Each structure stands twice: as C-alpha cells, then as structure tokens.
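work07.cif follows (mmCIF, C-alpha atoms):
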data_input
loop_
_atom_site.group_PDB
_atom_site.id
_atom_site.type_symbol
_atom_site.label_atom_id
_atom_site.label_comp_id
_atom_site.auth_asym_id
_atom_site.auth_seq_id
_atom_site.Cartn_x
_atom_site.Cartn_y
_atom_site.Cartn_z
ATOM 1 C CA MET D 1 139.831 67.175 126.845
ATOM 2 C CA LYS D 2 137.635 64.256 125.765
ATOM 3 C CA ILE D 3 133.919 63.585 126.271
ATOM 4 C CA LYS D 4 132.652 60.013 126.433
ATOM 5 C CA PHE D 5 128.991 59.002 126.193
ATOM 6 C CA TYR D 6 127.205 56.183 128.011
ATOM 7 C CA ALA D 7 123.816 54.544 127.594
ATOM 8 C CA PRO D 8 121.615 53.686 130.581
ATOM 9 C CA LEU D 9 120.601 50.064 131.028
ATOM 10 C CA TRP D 10 117.468 51.466 132.676
ATOM 11 C CA GLY D 11 114.452 50.655 130.520
ATOM 12 C CA ASN D 12 116.108 47.984 128.382
ATOM 13 C CA THR D 13 113.978 44.925 127.605
ATOM 14 C CA LEU D 14 116.281 43.276 125.036
ATOM 15 C CA PRO D 15 118.760 40.446 125.692
ATOM 16 C CA PHE D 16 121.864 42.058 127.170
ATOM 17 C CA ASP D 17 124.160 41.160 124.262
ATOM 18 C CA THR D 18 121.672 42.601 121.754
ATOM 19 C CA PHE D 19 121.404 45.743 123.854
ATOM 20 C CA CYS D 20 125.204 46.077 123.959
ATOM 21 C CA GLN D 21 125.451 45.673 120.186
ATOM 22 C CA ASN D 22 122.854 48.428 119.739
ATOM 23 C CA VAL D 23 124.720 50.648 122.199
ATOM 24 C CA LYS D 24 127.993 50.184 120.333
ATOM 25 C CA ASN D 25 126.416 50.678 116.911
ATOM 26 C CA ALA D 26 124.744 53.890 118.076
ATOM 27 C CA GLY D 27 128.153 55.359 118.949
ATOM 28 C CA TYR D 28 128.238 55.103 122.732
ATOM 29 C CA ASP D 29 131.437 54.390 124.685
ATOM 30 C CA GLY D 30 129.822 52.307 127.412
ATOM 31 C CA VAL D 31 126.880 51.528 129.678
ATOM 32 C CA GLU D 32 125.859 52.888 133.090
ATOM 33 C CA MET D 33 124.227 50.195 135.203
ATOM 34 C CA ALA D 34 124.035 48.318 138.490
ATOM 35 C CA LEU D 35 125.480 44.816 138.793
ATOM 36 C CA PRO D 36 123.936 41.651 140.282
ATOM 37 C CA PHE D 37 125.579 39.936 143.254
ATOM 38 C CA GLU D 38 125.458 36.468 141.681
ATOM 39 C CA THR D 39 129.021 35.804 140.508
ATOM 40 C CA LYS D 40 128.283 33.973 137.244
ATOM 41 C CA GLU D 41 125.649 36.460 136.102
ATOM 42 C CA LYS D 42 127.910 39.403 136.952
ATOM 43 C CA SER D 43 130.851 37.844 135.125
ATOM 44 C CA GLU D 44 128.738 37.276 132.008
ATOM 45 C CA ILE D 45 127.652 40.926 132.018
ATOM 46 C CA VAL D 46 131.211 42.184 132.390
ATOM 47 C CA GLN D 47 132.460 39.879 129.639
ATOM 48 C CA THR D 48 129.641 40.937 127.306
ATOM 49 C CA LEU D 49 130.558 44.578 127.824
ATOM 50 C CA LYS D 50 134.218 43.854 127.142
ATOM 51 C CA GLY D 51 133.309 41.750 124.100
ATOM 52 C CA ASN D 52 131.505 44.740 122.645
ATOM 53 C CA ASN D 53 134.358 47.094 123.588
ATOM 54 C CA LEU D 54 132.113 48.995 126.015
ATOM 55 C CA GLU D 55 133.095 50.550 129.334
ATOM 56 C CA LEU D 56 131.128 50.210 132.567
ATOM 57 C CA ILE D 57 129.998 52.995 134.860
ATOM 58 C CA GLY D 58 128.821 51.338 138.066
ATOM 59 C CA GLN D 59 125.480 52.675 139.287
ATOM 60 C CA TYR D 60 124.229 52.618 142.860
ATOM 61 C CA TRP D 61 120.647 53.694 143.591
ATOM 62 C CA GLN D 62 119.463 51.252 146.273
ATOM 63 C CA SER D 63 119.295 53.749 149.172
ATOM 64 C CA HIS D 64 116.335 52.232 150.995
ATOM 65 C CA GLU D 65 117.150 51.599 154.656
ATOM 66 C CA LYS D 66 116.031 54.139 157.254
ATOM 67 C CA ASN D 67 118.384 52.821 159.944
ATOM 68 C CA LEU D 68 121.770 54.402 159.274
ATOM 69 C CA ASP D 69 123.891 51.460 160.456
ATOM 70 C CA GLU D 70 121.985 49.067 158.204
ATOM 71 C CA HIS D 71 122.061 51.635 155.406
ATOM 72 C CA ALA D 72 125.847 52.065 155.626
ATOM 73 C CA LYS D 73 126.387 48.294 155.711
ATOM 74 C CA ASN D 74 124.394 47.763 152.528
ATOM 75 C CA TYR D 75 125.927 50.848 150.901
ATOM 76 C CA GLU D 76 129.399 49.341 151.326
ATOM 77 C CA LYS D 77 128.202 45.935 150.113
ATOM 78 C CA TYR D 78 126.820 47.419 146.883
ATOM 79 C CA LEU D 79 129.886 49.594 146.281
ATOM 80 C CA ARG D 80 132.319 46.696 146.693
ATOM 81 C CA ASN D 81 130.185 44.552 144.386
ATOM 82 C CA LEU D 82 130.339 47.264 141.699
ATOM 83 C CA ILE D 83 134.094 47.606 142.164
ATOM 84 C CA SER D 84 134.511 43.888 141.441
ATOM 85 C CA GLY D 85 133.154 44.590 137.944
ATOM 86 C CA GLU D 86 136.079 46.944 137.205
ATOM 87 C CA PRO D 87 134.080 50.082 136.370
ATOM 88 C CA VAL D 88 135.676 53.276 135.111
ATOM 89 C CA PHE D 89 134.012 54.860 138.159
ATOM 90 C CA ILE D 90 130.892 54.529 140.314
ATOM 91 C CA ASN D 91 127.981 56.962 140.352
ATOM 92 C CA CYS D 92 125.985 56.864 143.606
ATOM 93 C CA GLN D 93 122.563 58.089 144.607
ATOM 94 C CA THR D 94 123.933 58.463 148.116
ATOM 95 C CA GLY D 95 121.969 58.876 151.322
ATOM 96 C CA LYS D 96 118.508 60.209 152.050
ATOM 97 C CA ASP D 97 116.869 63.618 151.929
ATOM 98 C CA TYR D 98 115.652 63.080 155.505
ATOM 99 C CA PHE D 99 119.079 62.116 156.875
ATOM 100 C CA SER D 100 120.937 64.870 158.725
ATOM 101 C CA PHE D 101 124.128 66.390 157.346
ATOM 102 C CA GLU D 102 126.165 64.242 159.752
ATOM 103 C CA GLN D 103 124.344 61.050 158.718
ATOM 104 C CA ASN D 104 124.854 61.634 155.011
ATOM 105 C CA LYS D 105 128.449 62.710 155.624
ATOM 106 C CA ARG D 106 129.095 59.333 157.212
ATOM 107 C CA LEU D 107 128.167 57.761 153.858
ATOM 108 C CA PHE D 108 130.285 60.226 151.863
ATOM 109 C CA ASP D 109 133.227 59.483 154.160
ATOM 110 C CA LEU D 110 132.691 55.736 153.739
ATOM 111 C CA ALA D 111 132.681 56.103 149.947
ATOM 112 C CA ALA D 112 135.877 58.180 150.102
ATOM 113 C CA GLN D 113 137.551 55.512 152.241
ATOM 114 C CA ILE D 114 136.549 52.721 149.837
ATOM 115 C CA SER D 115 137.675 54.795 146.864
ATOM 116 C CA LYS D 116 141.073 55.448 148.433
ATOM 117 C CA GLU D 117 141.472 51.771 149.294
ATOM 118 C CA THR D 118 140.519 50.441 145.843
ATOM 119 C CA GLY D 119 141.550 53.241 143.493
ATOM 120 C CA VAL D 120 138.036 53.415 141.983
ATOM 121 C CA LYS D 121 136.560 56.905 141.834
ATOM 122 C CA ILE D 122 133.149 57.274 143.483
ATOM 123 C CA ILE D 123 130.955 60.286 142.761
ATOM 124 C CA HIS D 124 127.513 61.262 144.037
ATOM 125 C CA GLU D 125 124.399 62.101 142.049
ATOM 126 C CA THR D 126 122.070 65.066 142.477
ATOM 127 C CA HIS D 127 118.828 63.141 142.808
ATOM 128 C CA ARG D 128 115.422 63.620 144.417
ATOM 129 C CA GLY D 129 114.985 61.719 147.656
ATOM 130 C CA LYS D 130 118.731 61.384 148.223
ATOM 131 C CA SER D 131 121.334 63.504 150.027
ATOM 132 C CA LEU D 132 121.870 65.957 147.142
ATOM 133 C CA PHE D 133 118.190 66.412 146.371
ATOM 134 C CA ALA D 134 118.136 70.213 146.139
ATOM 135 C CA ALA D 135 120.428 72.946 144.855
ATOM 136 C CA ASN D 136 120.648 74.825 148.159
ATOM 137 C CA ILE D 137 121.242 71.633 150.152
ATOM 138 C CA THR D 138 123.968 70.482 147.778
ATOM 139 C CA GLN D 139 125.594 73.899 148.130
ATOM 140 C CA ILE D 140 125.981 73.229 151.861
ATOM 141 C CA TYR D 141 127.536 69.780 151.308
ATOM 142 C CA LEU D 142 129.961 71.041 148.651
ATOM 143 C CA SER D 143 130.980 73.990 150.818
ATOM 144 C CA LYS D 144 131.680 71.777 153.830
ATOM 145 C CA ILE D 145 133.115 68.778 151.920
ATOM 146 C CA PRO D 146 135.203 70.408 149.177
ATOM 147 C CA ASP D 147 136.564 67.089 147.845
ATOM 148 C CA LEU D 148 133.061 65.846 146.977
ATOM 149 C CA ARG D 149 132.628 65.194 143.248
ATOM 150 C CA ILE D 150 129.196 64.841 141.703
ATOM 151 C CA CYS D 151 127.091 63.583 138.850
ATOM 152 C CA LEU D 152 124.988 66.572 137.821
ATOM 153 C CA ASP D 153 121.434 65.477 137.066
ATOM 154 C CA ILE D 154 120.030 68.965 137.306
ATOM 155 C CA SER D 155 116.628 67.886 135.970
ATOM 156 C CA HIS D 156 115.754 66.800 139.518
ATOM 157 C CA TRP D 157 116.408 70.264 140.922
ATOM 158 C CA CYS D 158 114.093 71.867 138.366
ATOM 159 C CA ASN D 159 111.359 69.616 139.712
ATOM 160 C CA VAL D 160 112.249 70.071 143.402
ATOM 161 C CA HIS D 161 112.388 73.872 143.163
ATOM 162 C CA GLU D 162 109.569 74.197 140.590
ATOM 163 C CA SER D 163 111.778 76.481 138.510
ATOM 164 C CA LEU D 164 114.596 76.628 135.994
ATOM 165 C CA LEU D 165 116.759 77.759 138.919
ATOM 166 C CA ASP D 166 117.225 81.384 137.829
ATOM 167 C CA ASP D 167 117.269 82.477 141.483
ATOM 168 C CA GLN D 168 120.080 80.102 142.572
ATOM 169 C CA PRO D 169 123.126 80.963 140.403
ATOM 170 C CA GLU D 170 125.650 80.584 143.250
ATOM 171 C CA ALA D 171 124.483 77.052 144.073
ATOM 172 C CA ILE D 172 124.477 76.076 140.392
ATOM 173 C CA ASP D 173 127.955 77.485 139.759
ATOM 174 C CA LEU D 174 129.359 75.602 142.754
ATOM 175 C CA ALA D 175 127.745 72.355 141.579
ATOM 176 C CA ILE D 176 129.165 72.830 138.083
ATOM 177 C CA ALA D 177 132.647 73.307 139.547
ATOM 178 C CA HIS D 178 132.309 69.903 141.274
ATOM 179 C CA THR D 179 130.814 68.005 138.321
ATOM 180 C CA ASP D 180 132.658 65.017 136.821
ATOM 181 C CA HIS D 181 129.691 63.347 135.108
ATOM 182 C CA ILE D 182 126.393 64.510 133.587
ATOM 183 C CA HIS D 183 123.028 62.819 133.262
ATOM 184 C CA SER D 184 121.675 64.640 130.223
ATOM 185 C CA ARG D 185 117.973 64.354 130.978
ATOM 186 C CA VAL D 186 115.900 67.504 130.553
ATOM 187 C CA GLY D 187 113.589 68.356 133.435
ATOM 188 C CA HIS D 188 111.040 71.121 133.864
ATOM 189 C CA GLN D 189 109.260 73.012 136.591
ATOM 190 C CA GLU D 190 106.720 70.252 137.238
ATOM 191 C CA GLY D 191 108.706 67.098 136.529
ATOM 192 C CA PRO D 192 112.160 65.510 136.149
ATOM 193 C CA GLN D 193 111.664 64.633 132.471
ATOM 194 C CA VAL D 194 110.034 66.444 129.564
ATOM 195 C CA ASN D 195 108.023 64.092 127.374
ATOM 196 C CA ASP D 196 110.226 64.729 124.330
ATOM 197 C CA PRO D 197 113.116 67.247 124.189
ATOM 198 C CA ARG D 198 112.667 67.478 120.405
ATOM 199 C CA ALA D 199 109.274 69.158 120.871
ATOM 200 C CA SER D 200 109.277 72.949 120.427
ATOM 201 C CA GLU D 201 107.242 73.540 123.605
ATOM 202 C CA TRP D 202 110.246 72.406 125.658
ATOM 203 C CA LYS D 203 112.749 74.766 124.029
ATOM 204 C CA GLU D 204 113.111 76.929 127.140
ATOM 205 C CA ALA D 205 113.820 73.918 129.370
ATOM 206 C CA LEU D 206 116.220 72.364 126.856
ATOM 207 C CA ASP D 207 118.088 75.651 126.395
ATOM 208 C CA ALA D 208 118.447 76.051 130.166
ATOM 209 C CA HIS D 209 119.983 72.591 130.483
ATOM 210 C CA LEU D 210 122.267 73.159 127.496
ATOM 211 C CA THR D 211 123.514 76.359 129.120
ATOM 212 C CA TRP D 212 124.353 74.487 132.335
ATOM 213 C CA TRP D 213 126.046 71.665 130.433
ATOM 214 C CA ASP D 214 127.996 74.196 128.341
ATOM 215 C CA LYS D 215 129.454 75.572 131.563
ATOM 216 C CA VAL D 216 130.452 72.078 132.717
ATOM 217 C CA VAL D 217 132.200 71.442 129.402
ATOM 218 C CA GLU D 218 133.995 74.800 129.559
ATOM 219 C CA THR D 219 135.182 74.008 133.084
ATOM 220 C CA HIS D 220 136.644 70.697 131.959
ATOM 221 C CA LYS D 221 138.255 72.292 128.922
ATOM 222 C CA LYS D 222 139.859 74.898 131.141
ATOM 223 C CA ASN D 223 141.080 72.233 133.594
ATOM 224 C CA ARG D 224 142.098 69.859 130.778
ATOM 225 C CA THR D 225 140.081 67.043 132.334
ATOM 226 C CA ASN D 226 137.848 64.488 130.642
ATOM 227 C CA LEU D 227 134.069 64.448 131.002
ATOM 228 C CA THR D 228 131.486 61.668 130.823
ATOM 229 C CA ILE D 229 127.799 61.947 129.917
ATOM 230 C CA THR D 230 125.001 59.404 130.278
ATOM 231 C CA THR D 231 121.904 60.155 128.212
ATOM 232 C CA GLU D 232 119.443 59.161 130.903
ATOM 233 C CA PHE D 233 115.914 59.713 129.679
ATOM 234 C CA GLY D 234 113.901 56.999 131.366
ATOM 235 C CA PRO D 235 111.123 54.566 130.385
ATOM 236 C CA ALA D 236 107.469 54.580 131.432
ATOM 237 C CA ASN D 237 106.341 55.642 133.975
ATOM 238 C CA TYR D 238 109.230 58.108 134.187
ATOM 239 C CA MET D 239 108.380 58.759 130.570
ATOM 240 C CA PRO D 240 104.815 60.172 130.575
ATOM 241 C CA THR D 241 102.206 57.696 129.360
ATOM 242 C CA ILE D 242 98.814 57.813 127.669
ATOM 243 C CA PRO D 243 95.946 57.317 130.159
ATOM 244 C CA PHE D 244 94.443 53.835 130.440
ATOM 245 C CA THR D 245 96.818 52.233 127.900
ATOM 246 C CA GLN D 246 100.023 53.141 129.797
ATOM 247 C CA MET D 247 101.749 53.481 126.423
ATOM 248 C CA PRO D 248 104.763 55.821 126.554
ATOM 249 C CA VAL D 249 104.270 59.058 124.620
ATOM 250 C CA ALA D 250 107.718 58.840 123.008
ATOM 251 C CA ASN D 251 110.521 56.349 122.324
ATOM 252 C CA GLN D 252 113.118 56.281 125.111
ATOM 253 C CA TRP D 253 115.923 54.805 122.989
ATOM 254 C CA GLU D 254 115.401 57.290 120.139
ATOM 255 C CA ILE D 255 115.419 60.233 122.541
ATOM 256 C CA ASN D 256 118.619 59.103 124.263
ATOM 257 C CA VAL D 257 120.421 58.619 120.939
ATOM 258 C CA TYR D 258 119.105 62.023 119.834
ATOM 259 C CA MET D 259 120.543 63.602 122.984
ATOM 260 C CA MET D 260 123.922 61.948 122.408
ATOM 261 C CA ASP D 261 124.053 63.113 118.795
ATOM 262 C CA LEU D 262 122.954 66.630 119.778
ATOM 263 C CA LEU D 263 125.674 66.923 122.414
ATOM 264 C CA LYS D 264 128.353 65.328 120.230
ATOM 265 C CA GLN D 265 127.642 67.912 117.550
ATOM 266 C CA ARG D 266 127.485 70.760 120.083
ATOM 267 C CA TYR D 267 130.780 69.811 121.718
ATOM 268 C CA GLU D 268 132.502 68.565 118.579
ATOM 269 C CA GLN D 269 136.173 68.148 119.422
#
Would you write the structure of this file as structure tokens?
Amino acid sequence: MKIKFYAPLWGNTLPFDTFCQNVKNAGYDGVEMALPFETKEKSEIVQTLKGNNLELIGQYWQSHEKNLDEHAKNYEKYLRNLISGEPVFINCQTGKDYFSFEQNKRLFDLAAQISKETGVKIIHETHRGKSLFAANITQIYLSKIPDLRICLDISHWCNVHESLLDDQPEAIDLAIAHTDHIHSRVGHQEGPQVNDPRASEWKEALDAHLTWWDKVVETHKKNRTNLTITTEFGPANYMPTIPFTQMPVANQWEINVYMMDLLKQRYEQ
C-alpha cells in the first residue's frame, strides 16, 4: 500500500514552472488542478508537469448551471477536457445540493459512463453546495449507488453540521469505506478551515480529522490499495484574513507542506 501526496494549484500566484519546481522540491508527487480549454495552454501545463516528474489529478468544480440539461452538457465537456490531459484520475465536485437524488444521479451515471469509455477513474468530492454536501445525504447516495467512490473532504461536513460529527458514526464509516482520495484540510464547527492547524487551540479539530484519516489509511492497508492525499488548505478569503487589510492570518503554502510532512511521518511506510 502506497500513499502519494499532491499540492493544490488553488492559491498559487507564481509562474507555473516555478510553482511546479517548488512542489517537486517540497516532496509532493503531483498537482491537483483544473485545466484550460485552450489547446496550447493546456499542452504547456501538461508538459511542465511531466518535465518536473509530477502527476496530474484533474479537478472539476464548475457546477454552476441550474438547468440540469445545460449542467450535464457542461459537466461532460469539462470531464472530457480533463481526460485529454491524461490525469491519474479526476476528482469532481459533482452536482448541486438543491438537485434531487435523481438529478444528481444522472450526473453520477454520466461520469461512470465516461469513465468506463475512457478508462479514467472519476470520483466525487464531499463538498458544501454540491451533491455530497452533508454526511447524512452522502450516506443515502452511497447506500443506493454502491459503486460510487469519493474524495473525502470531511472539513465541509464539520461546517455543515456545526459539529465534529460525533453523532453520525454510521455515515462517517460508510464514507470512509468509499474513500479513494483525501483532501487533508482541517475544518471546525463554524467553518471549513481552521486558521492554522499548528495552533494548539485547534488540537481537538485536528485530532478528529486525524482519526478519520487513520481509518481511511487502515482501510486501504487492509484492502492493499493505494491512497492519494491533496493538502488542500486554501488562500484568502478561505484562509481567514485580518480586517481592513485582507492579509491572510497564516501562510497557505507553509501549512500545506506542514500537513504533508505530518501525514508522511504519521503513515510512514
């Protein structure tokens, strides 16, 4: 069983090649990101990743359209564009929290069809505002669609349920059993991201997340399957900021590297 770590492009302001060099030097295996539609720009990104010996996790988050037909059309367009970049897999923020089960299932079924056709694995992220926005709702989807595989970003659920989820062990255990990828951001009862996981006041929240991630790792060890983790602490304004100046209260890059190093040491193979 092997664990690979990925950096988010989200929040980067450096030239892409410089960013990739920093990612490689920090000890990451790849980058999780969306891809542009413009062929030359996309090709340059893919070649830069390959030149730095970095893998690509394709990221889809553009779930905007309220009309389901239009939504599904754009969903497929984005997925096929990501597939053209030869990702190791695609992580999707699929659907909408206000879509019905049947509407979101149409999107899951479409992703499964595209995955079968192309051979590229497509998983679905637990994310506020999207189909898998809450622990209890995700439990329903996973029970009715047993082949569904997910990216567990459990920080969102802490925010949605205003808790560290102590009262939903069955939903959490089911989600863990379906997890192929982790976003290792630490959330809390009033937000999807603590200001700095190194701060002692967030020990309870960090320990809760580590316990969940430990269970994911144990599941993959037992099944002899590989696991991927993206350290996905975000920039301002996801990162809390100082009033009036809008300066972030901590350094996003440093926190993400800290999280990678923490988890590498914890799950030392």
Notebook entry, point to check: So what do you get for CA of Thr179 (chain D) versus CA of Asn223 (chain D), distance-wise?
Noted result: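 Between CA of Thr179 (chain D) and CA of Asn223 (chain D) the gap is 12.1 Å.
Going from CA of Asn53 (chain D) to CA of Asn256 (chain D) covers 19.8 Å.
With all atoms listed in the file as the atoms that count, the residue of D:His188, D:Lys264, D:Lys50, D:His178 with the shortest distance to Trp157 (chain D) is D:His188.
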Next item on the list: Give the answer as one residue: which of D:Leu79, D:Met1, D:Leu174, D:Leu9 has the shortest atom-to-atom distance to His220 (chain D), using all atoms listed in the file?
Entry: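 So, comparing all the options, the nearest one is D:Met1.
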Next item on the list: Give the answer as one residue: which of D:Leu35, D:Ala208, D:Met239, D:Val120 has the shortest atom-to-atom distance to Val88 (chain D), using only C-alpha atoms?
Entry: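 Answer, going by the shortest atom-to-atom distance: D:Val120.
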Next item on the list: Would you please work out which residue, of D:Leu54, D:Ala250, D:Val23, D:Leu164, is nearest to Gly191 (chain D) when using all atoms listed in the file?
Entry: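 Answer, going by the shortest atom-to-atom distance: D:Leu164.
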Note to self: I'd like to know which of D:Ala199, D:Ala134, D:Leu148, D:Cys158 is closest to Ala171 (chain D), using all atoms listed in the file.
What the structure shows: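 Closest residue, counting all atoms listed in the file: D:Ala134.
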Generate N, CA and C atoms for region 179-205 of chain D and emit them as a CSV table (one decimal), keeping the file's coordinate frame.
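Result file follows (out33.csv):
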chain,number,residue,atom,x,y,z
D,179,THR,N,131.4,69.0,139.2
D,179,THR,CA,130.8,68.0,138.3
D,179,THR,C,131.9,67.2,137.5
D,180,ASP,N,131.8,65.9,137.6
D,180,ASP,CA,132.7,65.0,136.8
D,180,ASP,C,131.9,64.2,135.8
D,181,HIS,N,130.5,64.2,135.9
D,181,HIS,CA,129.7,63.3,135.1
D,181,HIS,C,128.3,64.0,135.0
D,182,ILE,N,127.7,63.9,133.8
D,182,ILE,CA,126.4,64.5,133.6
D,182,ILE,C,125.4,63.4,133.2
D,183,HIS,N,124.2,63.5,133.8
D,183,HIS,CA,123.0,62.8,133.3
D,183,HIS,C,122.2,63.8,132.4
D,184,SER,N,122.2,63.6,131.1
D,184,SER,CA,121.7,64.6,130.2
D,184,SER,C,120.2,64.5,130.0
D,185,ARG,N,119.4,64.3,131.1
D,185,ARG,CA,118.0,64.4,131.0
D,185,ARG,C,117.5,65.8,131.2
D,186,VAL,N,116.4,66.2,130.5
D,186,VAL,CA,115.9,67.5,130.6
D,186,VAL,C,114.7,67.5,131.4
D,187,GLY,N,114.7,68.2,132.5
D,187,GLY,CA,113.6,68.4,133.4
D,187,GLY,C,112.9,69.7,133.2
D,188,HIS,N,111.8,69.9,134.0
D,188,HIS,CA,111.0,71.1,133.9
D,188,HIS,C,110.5,71.4,135.2
D,189,GLN,N,109.7,72.5,135.3
D,189,GLN,CA,109.3,73.0,136.6
D,189,GLN,C,108.3,72.0,137.3
D,190,GLU,N,107.7,71.2,136.6
D,190,GLU,CA,106.7,70.3,137.2
D,190,GLU,C,107.1,68.8,137.1
D,191,GLY,N,108.3,68.5,136.7
D,191,GLY,CA,108.7,67.1,136.5
D,191,GLY,C,110.2,66.9,136.2
D,192,PRO,N,110.7,65.8,136.4
D,192,PRO,CA,112.2,65.5,136.1
D,192,PRO,C,112.5,65.1,134.7
D,193,GLN,N,111.4,65.0,133.8
D,193,GLN,CA,111.7,64.6,132.5
D,193,GLN,C,110.6,65.2,131.6
D,194,VAL,N,111.0,66.0,130.6
D,194,VAL,CA,110.0,66.4,129.6
D,194,VAL,C,109.6,65.2,128.7
D,195,ASN,N,108.5,65.3,128.1
D,195,ASN,CA,108.0,64.1,127.4
D,195,ASN,C,108.8,63.8,126.1
D,196,ASP,N,109.4,64.9,125.5
D,196,ASP,CA,110.2,64.7,124.3
D,196,ASP,C,111.0,66.0,124.1
D,197,PRO,N,112.3,66.0,124.3
D,197,PRO,CA,113.1,67.2,124.2
D,197,PRO,C,113.2,67.8,122.8
D,198,ARG,N,112.7,67.0,121.8
D,198,ARG,CA,112.7,67.5,120.4
D,198,ARG,C,111.5,68.4,120.1
D,199,ALA,N,110.5,68.4,121.1
D,199,ALA,CA,109.3,69.2,120.9
D,199,ALA,C,109.5,70.6,121.2
D,200,SER,N,109.0,71.5,120.3
D,200,SER,CA,109.3,72.9,120.4
D,200,SER,C,108.8,73.6,121.7
D,201,GLU,N,107.8,73.0,122.4
D,201,GLU,CA,107.2,73.5,123.6
D,201,GLU,C,108.2,73.4,124.8
D,202,TRP,N,109.2,72.6,124.6
D,202,TRP,CA,110.2,72.4,125.7
D,202,TRP,C,111.5,73.1,125.4
D,203,LYS,N,111.5,74.1,124.4
D,203,LYS,CA,112.7,74.8,124.0
D,203,LYS,C,113.4,75.5,125.2
D,204,GLU,N,112.6,76.2,126.0
D,204,GLU,CA,113.1,76.9,127.1
D,204,GLU,C,113.8,76.0,128.1
D,205,ALA,N,113.2,74.9,128.4
D,205,ALA,CA,113.8,73.9,129.4
D,205,ALA,C,115.1,73.3,128.8
